[in-house]
>>> print(open('model.cif').read())   # mmCIF, N, CA and C atoms
data_my_file
#
loop_
_atom_site.label_atom_id
_atom_site.label_comp_id
_atom_site.auth_asym_id
_atom_site.auth_seq_id
_atom_site.Cartn_x
_atom_site.Cartn_y
_atom_site.Cartn_z
N MET N 11 -11.38 -6.64 33.69
CA MET N 11 -10.02 -6.12 33.75
C MET N 11 -9.93 -5.12 34.90
N SER N 12 -8.93 -5.31 35.74
CA SER N 12 -8.78 -4.45 36.91
C SER N 12 -8.24 -3.07 36.49
N THR N 13 -8.36 -2.14 37.42
CA THR N 13 -7.85 -0.78 37.19
C THR N 13 -6.34 -0.80 36.99
N ASP N 14 -5.66 -1.65 37.75
CA ASP N 14 -4.20 -1.75 37.61
C ASP N 14 -3.82 -2.28 36.23
N GLU N 15 -4.57 -3.26 35.74
CA GLU N 15 -4.31 -3.80 34.40
C GLU N 15 -4.55 -2.74 33.33
N GLN N 16 -5.61 -1.96 33.51
CA GLN N 16 -5.90 -0.88 32.56
C GLN N 16 -4.78 0.15 32.55
N GLN N 17 -4.31 0.51 33.74
CA GLN N 17 -3.22 1.49 33.83
C GLN N 17 -1.96 0.97 33.16
N LEU N 18 -1.67 -0.31 33.34
CA LEU N 18 -0.48 -0.89 32.73
C LEU N 18 -0.59 -0.87 31.20
N ILE N 19 -1.76 -1.22 30.69
CA ILE N 19 -1.98 -1.18 29.24
C ILE N 19 -1.79 0.25 28.72
N LYS N 20 -2.38 1.21 29.43
CA LYS N 20 -2.25 2.61 29.03
C LYS N 20 -0.79 3.06 29.04
N GLN N 21 -0.08 2.75 30.12
CA GLN N 21 1.31 3.18 30.24
C GLN N 21 2.18 2.59 29.13
N GLN N 22 2.06 1.30 28.93
CA GLN N 22 2.90 0.65 27.92
C GLN N 22 2.54 1.10 26.50
N SER N 23 1.25 1.11 26.20
CA SER N 23 0.83 1.45 24.84
C SER N 23 1.05 2.93 24.53
N TYR N 24 0.78 3.79 25.50
CA TYR N 24 1.00 5.21 25.29
C TYR N 24 2.48 5.49 25.04
N ALA N 25 3.34 4.91 25.86
CA ALA N 25 4.78 5.12 25.70
C ALA N 25 5.25 4.62 24.33
N GLU N 26 4.75 3.47 23.91
CA GLU N 26 5.15 2.92 22.61
C GLU N 26 4.64 3.78 21.45
N ALA N 27 3.39 4.22 21.53
CA ALA N 27 2.82 5.06 20.47
C ALA N 27 3.57 6.39 20.37
N ILE N 28 3.89 6.99 21.51
CA ILE N 28 4.64 8.24 21.51
C ILE N 28 6.05 8.02 20.96
N ARG N 29 6.64 6.89 21.28
CA ARG N 29 7.97 6.57 20.73
C ARG N 29 7.93 6.52 19.21
N TYR N 30 6.89 5.93 18.66
CA TYR N 30 6.72 5.89 17.21
C TYR N 30 6.57 7.30 16.65
N MET N 31 5.79 8.13 17.32
CA MET N 31 5.59 9.50 16.84
C MET N 31 6.89 10.31 16.89
N GLU N 32 7.66 10.13 17.94
CA GLU N 32 8.94 10.83 18.04
C GLU N 32 9.89 10.37 16.93
N ASN N 33 9.91 9.08 16.67
CA ASN N 33 10.74 8.57 15.57
C ASN N 33 10.27 9.14 14.23
N ALA N 34 8.97 9.23 14.06
CA ALA N 34 8.41 9.78 12.82
C ALA N 34 8.81 11.25 12.65
N LYS N 35 8.76 12.01 13.73
CA LYS N 35 9.16 13.43 13.65
C LYS N 35 10.63 13.57 13.29
N GLU N 36 11.46 12.73 13.87
CA GLU N 36 12.90 12.76 13.55
C GLU N 36 13.14 12.42 12.07
N THR N 37 12.43 11.44 11.58
CA THR N 37 12.57 11.06 10.17
C THR N 37 12.10 12.18 9.27
N LEU N 38 11.02 12.84 9.66
CA LEU N 38 10.48 13.94 8.85
C LEU N 38 11.46 15.10 8.75
N LYS N 39 12.24 15.32 9.78
CA LYS N 39 13.25 16.38 9.74
C LYS N 39 14.27 16.12 8.63
N LYS N 40 14.55 14.85 8.37
CA LYS N 40 15.51 14.51 7.33
C LYS N 40 15.00 14.83 5.93
N ALA N 41 13.70 15.00 5.79
CA ALA N 41 13.11 15.29 4.48
C ALA N 41 13.43 16.71 4.02
N GLY N 42 13.77 17.57 4.95
CA GLY N 42 14.03 18.96 4.59
C GLY N 42 12.74 19.64 4.17
N LYS N 43 12.67 20.96 4.35
CA LYS N 43 11.46 21.67 4.02
C LYS N 43 11.81 22.98 3.35
N GLU N 44 11.07 23.30 2.32
CA GLU N 44 11.20 24.58 1.63
C GLU N 44 9.80 25.14 1.46
N ASP N 45 9.59 26.32 1.99
CA ASP N 45 8.26 26.91 2.06
C ASP N 45 7.36 25.96 2.84
N HIS N 46 6.30 25.48 2.24
CA HIS N 46 5.37 24.57 2.92
C HIS N 46 5.42 23.17 2.32
N TYR N 47 6.57 22.81 1.77
CA TYR N 47 6.69 21.50 1.13
C TYR N 47 7.97 20.80 1.56
N TYR N 48 7.85 19.52 1.78
CA TYR N 48 9.04 18.72 2.06
C TYR N 48 9.76 18.45 0.76
N LYS N 49 11.07 18.21 0.84
CA LYS N 49 11.88 18.01 -0.36
C LYS N 49 12.08 16.54 -0.73
N ASP N 50 12.14 15.66 0.26
CA ASP N 50 12.50 14.27 0.00
C ASP N 50 11.34 13.33 0.32
N ARG N 51 10.73 12.81 -0.72
CA ARG N 51 9.55 11.95 -0.62
C ARG N 51 9.82 10.68 0.22
N LYS N 52 11.02 10.13 0.09
CA LYS N 52 11.35 8.89 0.81
C LYS N 52 11.18 9.06 2.31
N TYR N 53 11.70 10.16 2.86
CA TYR N 53 11.60 10.39 4.29
C TYR N 53 10.18 10.71 4.72
N VAL N 54 9.44 11.41 3.89
CA VAL N 54 8.04 11.70 4.19
C VAL N 54 7.24 10.41 4.27
N LYS N 55 7.44 9.53 3.30
CA LYS N 55 6.71 8.26 3.28
C LYS N 55 7.07 7.42 4.51
N THR N 56 8.33 7.35 4.84
CA THR N 56 8.77 6.58 6.01
C THR N 56 8.18 7.16 7.29
N ALA N 57 8.23 8.48 7.43
CA ALA N 57 7.70 9.14 8.63
C ALA N 57 6.20 8.92 8.77
N CYS N 58 5.48 9.03 7.69
CA CYS N 58 4.03 8.85 7.74
C CYS N 58 3.67 7.41 8.08
N GLY N 59 4.40 6.46 7.54
CA GLY N 59 4.16 5.06 7.87
C GLY N 59 4.42 4.78 9.34
N THR N 60 5.48 5.35 9.87
CA THR N 60 5.81 5.17 11.28
C THR N 60 4.75 5.82 12.17
N ALA N 61 4.32 7.02 11.83
CA ALA N 61 3.28 7.70 12.61
C ALA N 61 1.97 6.91 12.58
N TYR N 62 1.62 6.37 11.43
CA TYR N 62 0.38 5.60 11.32
C TYR N 62 0.47 4.33 12.18
N ASN N 63 1.63 3.73 12.25
CA ASN N 63 1.80 2.57 13.13
C ASN N 63 1.62 2.96 14.59
N GLY N 64 2.03 4.15 14.96
CA GLY N 64 1.76 4.65 16.30
C GLY N 64 0.28 4.77 16.57
N VAL N 65 -0.47 5.20 15.57
CA VAL N 65 -1.93 5.29 15.68
C VAL N 65 -2.52 3.89 15.91
N LEU N 66 -2.04 2.92 15.16
CA LEU N 66 -2.56 1.55 15.30
C LEU N 66 -2.29 0.98 16.69
N ILE N 67 -1.13 1.29 17.24
CA ILE N 67 -0.82 0.85 18.61
C ILE N 67 -1.84 1.45 19.59
N ALA N 68 -2.10 2.74 19.42
CA ALA N 68 -3.07 3.41 20.29
C ALA N 68 -4.48 2.84 20.10
N LEU N 69 -4.86 2.58 18.86
CA LEU N 69 -6.20 2.03 18.61
C LEU N 69 -6.36 0.64 19.21
N ASP N 70 -5.35 -0.19 19.06
CA ASP N 70 -5.41 -1.53 19.65
C ASP N 70 -5.59 -1.44 21.16
N ALA N 71 -4.86 -0.55 21.81
CA ALA N 71 -4.97 -0.38 23.26
C ALA N 71 -6.35 0.16 23.63
N TYR N 72 -6.82 1.14 22.89
CA TYR N 72 -8.13 1.76 23.15
C TYR N 72 -9.23 0.70 23.09
N LEU N 73 -9.21 -0.11 22.05
CA LEU N 73 -10.23 -1.14 21.90
C LEU N 73 -10.11 -2.19 23.00
N ARG N 74 -8.90 -2.55 23.34
CA ARG N 74 -8.69 -3.52 24.42
C ARG N 74 -9.23 -2.98 25.74
N LEU N 75 -9.00 -1.70 26.00
CA LEU N 75 -9.50 -1.08 27.23
C LEU N 75 -11.03 -1.03 27.25
N LYS N 76 -11.63 -1.00 26.09
CA LYS N 76 -13.10 -0.99 25.98
C LYS N 76 -13.69 -2.39 25.98
N GLY N 77 -12.82 -3.40 26.11
CA GLY N 77 -13.29 -4.77 26.21
C GLY N 77 -13.49 -5.47 24.88
N ILE N 78 -12.97 -4.89 23.81
CA ILE N 78 -13.10 -5.51 22.50
C ILE N 78 -11.91 -6.43 22.29
N LYS N 79 -12.21 -7.68 22.10
CA LYS N 79 -11.17 -8.70 21.95
C LYS N 79 -10.50 -8.59 20.59
N LYS N 80 -9.22 -8.84 20.59
CA LYS N 80 -8.43 -8.82 19.36
C LYS N 80 -8.86 -9.98 18.47
N THR N 81 -9.03 -9.69 17.20
CA THR N 81 -9.40 -10.74 16.26
C THR N 81 -8.15 -11.40 15.72
N LYS N 82 -8.34 -12.58 15.18
CA LYS N 82 -7.20 -13.28 14.57
C LYS N 82 -6.84 -12.62 13.26
N GLY N 83 -5.59 -12.72 12.93
CA GLY N 83 -5.14 -12.19 11.64
C GLY N 83 -4.96 -10.68 11.64
N ARG N 84 -4.72 -10.17 10.47
CA ARG N 84 -4.47 -8.75 10.26
C ARG N 84 -5.79 -7.97 10.30
N LYS N 85 -5.78 -6.84 10.99
CA LYS N 85 -6.97 -6.01 11.07
C LYS N 85 -6.93 -4.98 9.94
N SER N 86 -8.08 -4.64 9.41
CA SER N 86 -8.17 -3.67 8.32
C SER N 86 -8.68 -2.33 8.87
N ILE N 87 -8.60 -1.32 8.05
CA ILE N 87 -9.14 -0.02 8.45
C ILE N 87 -10.65 -0.13 8.67
N GLU N 88 -11.30 -1.01 7.93
CA GLU N 88 -12.74 -1.21 8.11
C GLU N 88 -13.03 -1.75 9.51
N TYR N 89 -12.19 -2.66 9.98
CA TYR N 89 -12.33 -3.21 11.32
C TYR N 89 -12.23 -2.08 12.36
N TYR N 90 -11.18 -1.27 12.25
CA TYR N 90 -10.99 -0.19 13.21
C TYR N 90 -12.15 0.81 13.15
N CYS N 91 -12.57 1.17 11.95
CA CYS N 91 -13.67 2.13 11.81
C CYS N 91 -14.97 1.59 12.40
N GLU N 92 -15.24 0.33 12.16
CA GLU N 92 -16.47 -0.27 12.70
C GLU N 92 -16.44 -0.27 14.22
N GLN N 93 -15.33 -0.72 14.79
CA GLN N 93 -15.23 -0.82 16.25
C GLN N 93 -15.23 0.56 16.91
N VAL N 94 -14.44 1.47 16.39
CA VAL N 94 -14.37 2.82 16.97
C VAL N 94 -15.69 3.55 16.75
N GLY N 95 -16.30 3.36 15.58
CA GLY N 95 -17.58 4.01 15.27
C GLY N 95 -18.68 3.62 16.23
N ASN N 96 -18.63 2.41 16.73
CA ASN N 96 -19.62 1.96 17.71
C ASN N 96 -19.41 2.60 19.08
N LEU N 97 -18.22 3.11 19.33
CA LEU N 97 -17.87 3.65 20.64
C LEU N 97 -17.82 5.18 20.69
N ASP N 98 -17.28 5.80 19.65
CA ASP N 98 -17.00 7.24 19.70
C ASP N 98 -16.96 7.82 18.28
N LYS N 99 -18.01 8.52 17.90
CA LYS N 99 -18.11 9.07 16.52
C LYS N 99 -17.06 10.14 16.26
N LYS N 100 -16.73 10.94 17.26
CA LYS N 100 -15.71 11.97 17.08
C LYS N 100 -14.35 11.33 16.81
N MET N 101 -14.06 10.29 17.57
CA MET N 101 -12.79 9.59 17.38
C MET N 101 -12.76 8.92 16.00
N LEU N 102 -13.90 8.45 15.53
CA LEU N 102 -13.97 7.84 14.21
C LEU N 102 -13.52 8.84 13.14
N ARG N 103 -13.91 10.09 13.28
CA ARG N 103 -13.46 11.12 12.32
C ARG N 103 -11.95 11.28 12.38
N GLN N 104 -11.39 11.23 13.58
CA GLN N 104 -9.94 11.32 13.73
C GLN N 104 -9.24 10.13 13.07
N VAL N 105 -9.79 8.95 13.27
CA VAL N 105 -9.21 7.73 12.68
C VAL N 105 -9.23 7.84 11.15
N ASN N 106 -10.36 8.26 10.60
CA ASN N 106 -10.46 8.40 9.15
C ASN N 106 -9.48 9.44 8.62
N SER N 107 -9.36 10.54 9.33
CA SER N 107 -8.45 11.60 8.91
C SER N 107 -7.00 11.14 8.98
N ALA N 108 -6.63 10.47 10.07
CA ALA N 108 -5.26 9.95 10.20
C ALA N 108 -4.97 8.93 9.11
N TYR N 109 -5.92 8.07 8.84
CA TYR N 109 -5.76 7.06 7.79
C TYR N 109 -5.55 7.72 6.42
N GLU N 110 -6.40 8.68 6.10
CA GLU N 110 -6.31 9.32 4.79
C GLU N 110 -5.05 10.15 4.63
N THR N 111 -4.67 10.89 5.67
CA THR N 111 -3.51 11.77 5.53
C THR N 111 -2.19 11.02 5.70
N LEU N 112 -2.10 10.22 6.75
CA LEU N 112 -0.83 9.54 7.01
C LEU N 112 -0.62 8.31 6.14
N HIS N 113 -1.61 7.44 6.12
CA HIS N 113 -1.43 6.17 5.42
C HIS N 113 -1.57 6.31 3.91
N LEU N 114 -2.66 6.92 3.47
CA LEU N 114 -2.88 7.00 2.02
C LEU N 114 -2.05 8.11 1.37
N SER N 115 -2.27 9.36 1.81
CA SER N 115 -1.58 10.49 1.16
C SER N 115 -0.09 10.52 1.49
N GLY N 116 0.25 10.29 2.75
CA GLY N 116 1.64 10.37 3.16
C GLY N 116 2.45 9.16 2.80
N TYR N 117 2.01 7.99 3.25
CA TYR N 117 2.79 6.77 3.05
C TYR N 117 2.71 6.26 1.60
N TYR N 118 1.51 6.10 1.10
CA TYR N 118 1.39 5.53 -0.25
C TYR N 118 1.71 6.53 -1.35
N ASP N 119 1.12 7.73 -1.25
CA ASP N 119 1.29 8.71 -2.32
C ASP N 119 2.54 9.57 -2.16
N GLY N 120 3.05 9.68 -0.95
CA GLY N 120 4.24 10.49 -0.72
C GLY N 120 4.01 11.97 -0.92
N ILE N 121 2.85 12.44 -0.51
CA ILE N 121 2.52 13.86 -0.66
C ILE N 121 3.56 14.69 0.09
N LEU N 122 3.95 15.80 -0.47
CA LEU N 122 5.02 16.62 0.11
C LEU N 122 4.50 17.86 0.83
N ASN N 123 3.20 18.11 0.81
CA ASN N 123 2.62 19.28 1.44
C ASN N 123 2.73 19.16 2.96
N ALA N 124 3.52 20.04 3.56
CA ALA N 124 3.80 19.97 5.00
C ALA N 124 2.55 20.23 5.84
N ARG N 125 1.64 21.05 5.34
CA ARG N 125 0.42 21.34 6.10
C ARG N 125 -0.46 20.09 6.21
N ILE N 126 -0.54 19.34 5.16
CA ILE N 126 -1.34 18.11 5.18
C ILE N 126 -0.70 17.10 6.12
N ILE N 127 0.60 16.96 6.04
CA ILE N 127 1.30 16.03 6.93
C ILE N 127 1.12 16.44 8.38
N LYS N 128 1.20 17.73 8.67
CA LYS N 128 1.00 18.21 10.03
C LYS N 128 -0.40 17.87 10.53
N THR N 129 -1.39 18.00 9.67
CA THR N 129 -2.76 17.64 10.05
C THR N 129 -2.83 16.17 10.44
N GLY N 130 -2.19 15.32 9.67
CA GLY N 130 -2.16 13.90 9.99
C GLY N 130 -1.50 13.63 11.33
N PHE N 131 -0.39 14.30 11.59
CA PHE N 131 0.30 14.13 12.86
C PHE N 131 -0.57 14.63 14.02
N ASP N 132 -1.26 15.75 13.81
CA ASP N 132 -2.15 16.27 14.86
C ASP N 132 -3.27 15.27 15.17
N GLU N 133 -3.84 14.68 14.14
CA GLU N 133 -4.89 13.67 14.34
C GLU N 133 -4.33 12.46 15.08
N ALA N 134 -3.12 12.06 14.73
CA ALA N 134 -2.49 10.92 15.39
C ALA N 134 -2.32 11.20 16.88
N TYR N 135 -1.82 12.38 17.22
CA TYR N 135 -1.64 12.72 18.63
C TYR N 135 -2.99 12.77 19.35
N GLY N 136 -4.04 13.22 18.66
CA GLY N 136 -5.38 13.24 19.26
C GLY N 136 -5.86 11.86 19.62
N ILE N 137 -5.59 10.91 18.75
CA ILE N 137 -5.98 9.51 19.01
C ILE N 137 -5.15 8.94 20.16
N ILE N 138 -3.87 9.19 20.13
CA ILE N 138 -2.97 8.66 21.17
C ILE N 138 -3.34 9.22 22.54
N GLU N 139 -3.78 10.46 22.59
CA GLU N 139 -4.17 11.08 23.87
C GLU N 139 -5.32 10.32 24.54
N LYS N 140 -6.11 9.60 23.77
CA LYS N 140 -7.25 8.85 24.33
C LYS N 140 -6.80 7.74 25.29
N ILE N 141 -5.54 7.32 25.16
CA ILE N 141 -5.04 6.24 26.03
C ILE N 141 -3.99 6.75 27.01
N LYS N 142 -3.88 8.04 27.12
CA LYS N 142 -2.85 8.62 28.01
C LYS N 142 -3.17 8.27 29.47
N PRO N 143 -2.19 7.71 30.17
CA PRO N 143 -2.39 7.40 31.60
C PRO N 143 -2.57 8.67 32.41
N GLU N 144 -3.25 8.54 33.55
CA GLU N 144 -3.53 9.70 34.40
C GLU N 144 -2.25 10.34 34.95
N GLN N 145 -1.20 9.58 35.22
CA GLN N 145 0.00 10.12 35.84
C GLN N 145 0.82 10.99 34.90
N MET N 146 0.61 10.89 33.61
CA MET N 146 1.47 11.61 32.66
C MET N 146 0.95 12.99 32.37
#
>>> encode(input="model.cif", output="structure tokens")
Amino acid sequence: MSTDEQQLIKQQSYAEAIRYMENAKETLKKAGKEDHYYKDRKYVKTACGTAYNGVLIALDAYLRLKGIKKTKGRKSIEYYCEQVGNLDKKMLRQVNSAYETLHLSGYYDGILNARIIKTGFDEAYGIIEKIKPEQM
């Protein structure tokens, strides 16, 4: 893969992942907050699901840039953990944290604790930064 192709993948995937994160932040605002807790579970779940999808976009691009071919069918968290774990142990911790906070606690369980949700968003941005193009 040429440098130009890598830059194009980074630009497109980074922009898309950030777009998902911005949409997630806007949705989270609709949940309302009192003290350190969100008020509306529906918006929290939607925001966390959207943010996690942004993470998946970034992970797909990251693996593609590392030369890992996309497999057929739906990829599981085990697939991502195995592939990322072979490349970057620190990033693997971020992936696990984003998965647990955004996907499990936020999306499935609808946790309302704003500090936990913020941690998930921070981890998501950390993963997305791995594919940030040089010009940005």
>>> closest_residue(input="model.cif", among="N:Lys43, N:Lys100, N:Glu32, N:Gln17", to="Ala124 of chain N", atoms="all atoms listed in the file")
N:Lys43
>>> select_by_dssp(input="model.cif", residues="chain N", states="helix (DSSP H, G or I)", output="ChimeraX atom specification")
/N:13-40,51-75,87-97,99-118,124-139
>>> resolve_selection(input="model.cif", expression="the PyMOL selection byres (((chain N and resi 57-73 and name CA) around 7) and name CA)", output="list in words")
Ile19, Ser23, Tyr24, Ala27, Ile28, Tyr30, Met31, Ala34, Lys35, Thr37, Leu38, Tyr53, Val54, Lys55, Thr56, Arg74, Leu75, Lys76, Gly77, Ile78, Leu112, His113, Gly116, Tyr117, Ala134, Ile137, Ile138 and Ile141 of chain N
>>> select_by_dssp(input="model.cif", residues="segment 14-124 of chain N", states="strand (DSSP E)", output="PyMOL selection string")
chain N and resi 43-44+47-48
>>> closest_residue(input="model.cif", among="N:Arg103, N:Ser12, N:Val94, N:His46", to="Ile126 of chain N", atoms="all atoms listed in the file")
N:His46
>>> resolve_selection(input="model.cif", expression="the PyMOL selection byres (((chain N and resi 102 and name CA) around 12) and name CA)", output="PyMOL selection string")
chain N and resi 69+87-101+103-109+133-134+136-137
>>> atom_distance(input="model.cif", atom1="atom N of Glu26 of chain N", atom2="atom N of Lys80 of chain N")
18.9 Å
>>> atom_distance(input="model.cif", atom1="atom C of Leu18 of chain N", atom2="atom CA of Glu144 of chain N")
11.4 Å
>>> atom_distance(input="model.cif", atom1="atom N of Asn33 of chain N", atom2="atom C of Glu15 of chain N")
25.0 Å
